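What's in coords21.txt: compact mmCIF, C-alpha atoms
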# COMPACT_ATOMS: atom_id res chain seq x y z
CA MET L 1 89.73 107.35 64.66
CA THR L 2 92.07 104.59 63.55
CA ASP L 3 91.85 100.87 62.83
CA GLU L 4 95.16 100.32 64.60
CA PRO L 5 94.76 97.85 67.51
CA THR L 6 94.12 99.49 70.87
CA ILE L 7 96.33 98.56 73.81
CA ARG L 8 94.77 100.75 76.50
CA ARG L 9 91.70 102.99 76.61
CA VAL L 10 91.36 105.35 79.55
CA ALA L 11 88.71 107.84 80.68
CA LEU L 12 90.40 110.75 82.44
CA ILE L 13 87.99 112.20 85.01
CA ARG L 14 88.57 115.24 87.19
CA HIS L 15 87.05 114.98 90.67
CA ALA L 16 83.74 116.75 91.33
CA ASP L 17 83.21 120.02 93.23
CA TYR L 18 84.34 119.93 96.86
CA HIS L 19 84.59 122.11 99.97
CA GLN L 20 87.81 123.82 98.94
CA GLN L 21 89.62 126.14 101.33
CA ILE L 22 89.86 129.58 99.73
CA ASP L 23 93.15 131.14 98.62
CA THR L 24 94.92 127.85 99.34
CA PRO L 25 96.73 126.55 96.25
CA SER L 26 97.61 123.17 97.72
CA ALA L 27 95.73 120.32 96.07
CA LEU L 28 96.17 118.07 99.10
CA GLN L 29 93.17 119.47 100.95
CA PRO L 30 91.27 116.71 102.81
CA PHE L 31 87.72 117.97 102.36
CA PRO L 32 84.67 116.12 100.93
CA LEU L 33 82.40 116.76 97.97
CA THR L 34 79.69 119.38 98.09
CA ARG L 35 76.10 118.47 97.21
CA ARG L 36 76.79 119.96 93.79
CA GLY L 37 79.81 117.67 93.52
CA GLU L 38 77.74 114.60 94.35
CA ARG L 39 75.32 115.57 91.58
CA GLN L 40 78.21 116.11 89.15
CA ALA L 41 79.57 112.64 89.95
CA ARG L 42 76.19 111.03 89.24
CA GLU L 43 75.90 112.93 85.96
CA GLY L 44 79.47 111.96 85.06
CA ALA L 45 78.67 108.28 85.52
CA GLU L 46 75.70 108.64 83.19
CA GLU L 47 77.95 110.29 80.60
CA VAL L 48 80.47 107.44 80.85
CA LEU L 49 77.72 104.91 80.21
CA THR L 50 76.38 106.94 77.28
CA LEU L 51 79.86 107.06 75.70
CA CYS L 52 80.28 103.33 76.24
CA GLN L 53 76.96 102.60 74.55
CA ALA L 54 77.79 104.86 71.62
CA HIS L 55 81.24 103.33 71.03
CA GLY L 56 80.65 99.70 72.00
CA TRP L 57 82.84 99.87 75.11
CA GLN L 58 82.47 98.32 78.54
CA PRO L 59 83.61 100.19 81.68
CA ALA L 60 86.25 98.16 83.51
CA SER L 61 85.04 96.63 86.77
CA THR L 62 87.85 98.34 88.72
CA VAL L 63 87.87 102.14 88.85
CA HIS L 64 91.15 103.81 89.81
CA ALA L 65 91.10 107.01 91.86
CA SER L 66 93.42 109.38 93.62
CA SER L 67 93.44 108.63 97.34
CA LEU L 68 92.53 112.25 98.10
CA LEU L 69 88.98 112.25 99.48
CA ARG L 70 87.28 114.30 96.76
CA ALA L 71 88.53 111.99 94.01
CA TRP L 72 87.78 108.84 96.01
CA GLN L 73 84.24 110.07 96.72
CA THR L 74 83.68 110.99 93.08
CA ALA L 75 84.69 107.48 92.02
CA GLN L 76 82.53 105.92 94.74
CA VAL L 77 79.41 107.79 93.61
CA MET L 78 80.13 106.95 89.97
CA ASN L 79 80.55 103.27 90.86
CA GLU L 80 77.18 103.23 92.61
CA VAL L 81 75.42 104.79 89.63
CA MET L 82 77.11 102.51 87.09
CA GLY L 83 76.29 99.49 89.24
CA ASP L 84 72.62 100.47 89.47
CA ARG L 85 72.39 101.06 85.71
CA THR L 86 74.22 97.95 84.55
CA GLY L 87 73.60 95.39 87.31
CA ARG L 88 77.36 94.89 87.58
CA GLU L 89 79.65 95.29 90.58
CA PHE L 90 82.37 97.94 90.41
CA SER L 91 85.30 98.11 92.80
CA LEU L 92 87.50 101.08 93.63
CA MET L 93 91.28 101.19 94.01
CA ALA L 94 92.86 104.33 95.52
CA HIS L 95 96.38 105.42 94.55
CA ASP L 96 98.71 108.09 95.90
CA ALA L 97 100.28 108.14 92.43
CA LEU L 98 97.17 109.92 91.12
CA TRP L 99 97.44 112.91 93.48
CA GLU L 100 97.52 116.45 92.16
CA ARG L 101 100.82 118.37 92.30
CA SER L 102 102.18 118.44 95.87
CA LEU L 103 103.46 121.65 97.45
CA GLY L 104 105.38 119.61 99.99
CA SER L 105 105.90 121.33 103.33
CA ALA L 106 103.71 124.23 102.12
CA ALA L 107 100.67 121.97 101.80
CA ASN L 108 97.46 123.74 102.81
CA LEU L 109 99.08 127.09 103.54
CA THR L 110 97.46 130.13 101.97
CA THR L 111 99.07 131.92 99.06
CA ALA L 112 100.18 134.72 101.39
CA GLN L 113 101.68 132.29 103.89
CA ILE L 114 103.64 130.52 101.15
CA ALA L 115 104.98 133.82 99.82
CA GLU L 116 105.98 134.86 103.35
CA ALA L 117 107.76 131.57 104.02
CA VAL L 118 109.73 131.77 100.78
CA ARG L 119 110.57 135.44 101.41
CA HIS L 120 112.25 134.52 104.70
CA ASP L 121 114.20 131.61 103.21
CA PRO L 122 117.74 132.87 102.45
CA ARG L 123 118.26 130.04 99.97
CA VAL L 124 115.58 131.38 97.61
CA ASP L 125 116.00 134.47 95.43
CA PHE L 126 112.32 135.15 94.64
CA LEU L 127 108.95 133.54 93.97
CA PRO L 128 107.83 133.97 90.33
CA ALA L 129 104.48 135.67 89.84
CA ASP L 130 103.21 132.68 87.82
CA TRP L 131 104.52 130.04 90.20
CA LYS L 132 101.11 128.36 90.66
CA SER L 133 100.54 127.77 86.92
CA ASN L 134 104.12 127.48 85.63
CA SER L 135 104.43 123.88 84.47
CA HIS L 136 108.14 123.60 85.21
CA PHE L 137 108.43 125.58 88.45
CA ARG L 138 108.85 123.67 91.70
CA LEU L 139 108.61 125.39 95.06
CA PRO L 140 112.02 125.20 96.75
CA LEU L 141 110.55 123.31 99.69
CA PRO L 142 110.88 119.70 100.84
CA GLY L 143 108.45 117.37 99.09
CA ALA L 144 107.27 119.90 96.52
CA GLU L 145 106.74 118.97 92.86
CA SER L 146 106.35 120.85 89.61
CA LEU L 147 103.17 120.35 87.61
CA MET L 148 105.22 118.49 85.03
CA GLN L 149 106.55 116.11 87.68
CA ALA L 150 103.02 115.42 88.87
CA GLY L 151 101.97 114.80 85.27
CA GLN L 152 104.84 112.35 84.79
CA ARG L 153 103.76 110.44 87.89
CA VAL L 154 100.23 110.11 86.51
CA ALA L 155 101.44 109.26 82.99
CA ASP L 156 103.64 106.50 84.43
CA PHE L 157 100.62 105.11 86.26
CA MET L 158 98.58 105.00 83.05
CA ALA L 159 101.38 103.31 81.18
CA SER L 160 101.48 100.63 83.89
CA LEU L 161 97.82 99.66 83.46
CA PRO L 162 97.21 96.17 82.05
CA ALA L 163 97.21 96.05 78.27
CA SER L 164 94.42 94.63 76.14
CA PRO L 165 94.38 90.81 76.38
CA SER L 166 95.29 90.59 72.71
CA ALA L 167 97.53 93.09 70.95
CA LEU L 168 96.10 91.83 67.66
CA THR L 169 92.51 92.89 68.29
CA SER L 170 91.18 96.19 69.56
CA GLY L 171 89.82 95.86 73.08
CA THR L 172 86.50 97.26 74.21
CA THR L 173 87.41 97.98 77.83
CA LEU L 174 87.30 101.55 79.14
CA THR L 175 89.32 102.08 82.32
CA LEU L 176 88.23 104.99 84.51
CA ILE L 177 90.83 107.12 86.28
CA VAL L 178 89.47 109.73 88.68
CA GLY L 179 92.10 112.31 89.55
CA HIS L 180 92.89 116.01 89.33
CA GLY L 181 92.74 118.44 86.45
CA ALA L 182 96.27 119.80 86.24
CA ALA L 183 98.03 116.47 86.77
CA LEU L 184 95.75 114.78 84.24
CA ARG L 185 96.34 117.48 81.61
CA HIS L 186 100.10 117.40 82.09
CA ALA L 187 100.00 113.60 81.86
CA ALA L 188 98.06 113.90 78.60
CA HIS L 189 100.75 116.24 77.29
CA LEU L 190 103.54 113.87 78.28
CA LEU L 191 101.72 111.03 76.51
CA GLY L 192 101.52 113.13 73.35
CA VAL L 193 97.78 113.85 73.48
CA LEU L 194 98.12 117.60 74.09
CA ASP L 195 100.70 120.06 72.82
CA PHE L 196 102.44 121.97 75.58
CA ASP L 197 100.81 125.23 74.53
CA GLN L 198 97.37 123.65 74.97
CA ILE L 199 97.81 122.86 78.67
CA ALA L 200 97.17 126.38 79.96
CA GLY L 201 94.30 126.97 77.55
CA LEU L 202 92.37 123.92 78.68
CA SER L 203 90.85 122.67 81.89
CA MET L 204 88.53 119.75 82.70
CA HIS L 205 84.84 119.71 83.53
CA HIS L 206 84.09 118.27 86.96
CA ALA L 207 83.43 114.51 86.78
CA ARG L 208 83.11 114.43 82.99
CA PRO L 209 85.24 111.93 81.02
CA VAL L 210 87.91 112.69 78.45
CA VAL L 211 88.80 109.42 76.71
CA ILE L 212 92.27 108.69 75.33
CA GLU L 213 93.63 105.54 73.71
CA GLU L 214 97.07 103.99 73.35
CA HIS L 215 97.64 102.11 70.12
CA LEU L 216 100.08 99.39 69.11
CA SER L 217 102.53 101.99 67.81
CA GLY L 218 102.77 103.42 71.35
CA SER L 219 100.98 106.65 70.45
CA TRP L 220 98.11 108.01 72.54
CA ARG L 221 95.15 109.89 71.02
CA HIS L 222 92.08 111.73 72.24
CA VAL L 223 89.01 109.85 71.02
CA ALA L 224 85.96 111.05 73.00
CA GLY L 225 84.74 113.50 75.61
CA GLU L 226 85.57 117.18 75.69
CA TRP L 227 88.20 119.27 77.42
CA LYS L 228 86.96 122.46 79.04
CA VAL L 229 88.20 125.50 77.10
CA ARG L 230 89.26 128.36 79.37
CA GLN L 231 87.68 131.72 78.77
CA ARG L 232 89.94 134.61 77.79
CA HIS L 233 91.74 136.08 80.82
CA GLU L 234 90.66 133.13 82.97
CA PRO L 235 93.67 132.23 85.17
CA ALA L 236 95.14 128.75 84.80
CA GLN L 237 95.14 127.67 88.44
CA ASP L 238 93.93 124.07 88.23

Written as structure tokens, that's how I'd like the structure from this file.
Amino acid sequence: MTDEPTIRRVALIRHADYHQQIDTPSALQPFPLTRRGERQAREGAEEVLTLCQAHGWQPASTVHASSLLRAWQTAQVMNEVMGDRTGREFSLMAHDALWERSLGSAANLTTAQIAEAVRHDPRVDFLPADWKSNSHFRLPLPGAESLMQAGQRVADFMASLPASPSALTSGTTLTLIVGHGAALRHAAHLLGVLDFDQIAGLSMHHARPVVIEEHLSGSWRHVAGEWKVRQRHEPAQD
């Protein structure tokens, strides 16, 4: 920890478990949370409040979420729990800027369908074997992004959040951002919280907060909550 004044403090939260279509790498699937996901969201809200109590923080009254349904629902459930526990009212703002990496015109196609489409495109030489997890690779399709581009979009959103009312005193506000694991990790890298080599070795627990802070110097640091460490040979697909 540091005594340097805090400008922004953000809890990065990956959406909870949802009804995901199998073998479909697009993150723009429109499906809702599972019952397990609803439980994870409630438990995540309790963890946020526990962290706030331990560190003397207050969760901001506005929670920001990706406009994709699973993230929006996760934030909605968390708001309800935090409201019940604190007696406060929490509002939710949804943002397209917090989406996971888009596959553009390949959205919601299966892995095999994407490979087939690219194979028949004479403008494309080949599809790399690691295309789903390669941070810099962008599908050669309209509207597609690389993971790094998605991370930059999310990092820019975080940098646009209101600063602490006074740059001379550390604020106590914790702003919740409910989004998607890969975009959040790449954003953390671009903000200097994670080294590039750490991105593939880490994931995020469903609905559990990872707290980072921006200080007066402009540097961001991880201060609370835990990343999920991938097991050996576990593929980096999220």

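Closest approach to L:Ala150 from the set L:Gly181, L:Pro122, L:Gly201, L:Gly171 is made by L:Gly181, with distances taken over only C-alpha atoms.
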
*At what distance in Å, to one decimal, does atom CA of L:Gly192 lie from atom CA of L:Arg221?*
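Going from atom CA of L:Arg221 over to atom CA of L:Gly192, I get 7.5 Å.
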
*Of the candidates L:Pro209, L:Pro162, L:Gly104, L:Gly83, which shows the shortest atom-to-atom distance to L:Pro140, using all atoms listed in the file?*
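Residue with the minimum atom-to-atom distance to L:Pro140: L:Gly104.
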
_Straight-line distance linking atom CA of L:Val229 with atom CA of L:Ser203, stated in Å to one decimal_ =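 Taking atom CA of L:Val229 and atom CA of L:Ser203, their separation equals 6.2 Å.
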
Report as a JSON list (two decimals) with C-alpha atoms, in the frame of the given file all protein, DNA and RNA residues lying within 12 Å of L:His55, evaluated on only C-alpha atoms, omitting residues in the same chain fewer than 3 positions from it.
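selection_24.json, written as the output of this step:
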[["chain", "number", "residue", "atom", "x", "y", "z"],
["L", 1, "MET", "CA", 89.73, 107.35, 64.66],
["L", 9, "ARG", "CA", 91.70, 102.99, 76.61],
["L", 48, "VAL", "CA", 80.47, 107.44, 80.85],
["L", 49, "LEU", "CA", 77.72, 104.91, 80.21],
["L", 50, "THR", "CA", 76.38, 106.94, 77.28],
["L", 51, "LEU", "CA", 79.86, 107.06, 75.70],
["L", 52, "CYS", "CA", 80.28, 103.33, 76.24],
["L", 58, "GLN", "CA", 82.47, 98.32, 78.54],
["L", 59, "PRO", "CA", 83.61, 100.19, 81.68],
["L", 171, "GLY", "CA", 89.82, 95.86, 73.08],
["L", 172, "THR", "CA", 86.50, 97.26, 74.21],
["L", 173, "THR", "CA", 87.41, 97.98, 77.83],
["L", 174, "LEU", "CA", 87.30, 101.55, 79.14],
["L", 211, "VAL", "CA", 88.80, 109.42, 76.71],
["L", 223, "VAL", "CA", 89.01, 109.85, 71.02],
["L", 224, "ALA", "CA", 85.96, 111.05, 73.00],
["L", 225, "GLY", "CA", 84.74, 113.50, 75.61]]

*With only C-alpha atoms as the basis for distance, which of L:Arg8, L:His180, L:Arg70, L:Arg14 is at the shortest distance from L:Ile212?*
L:Arg8
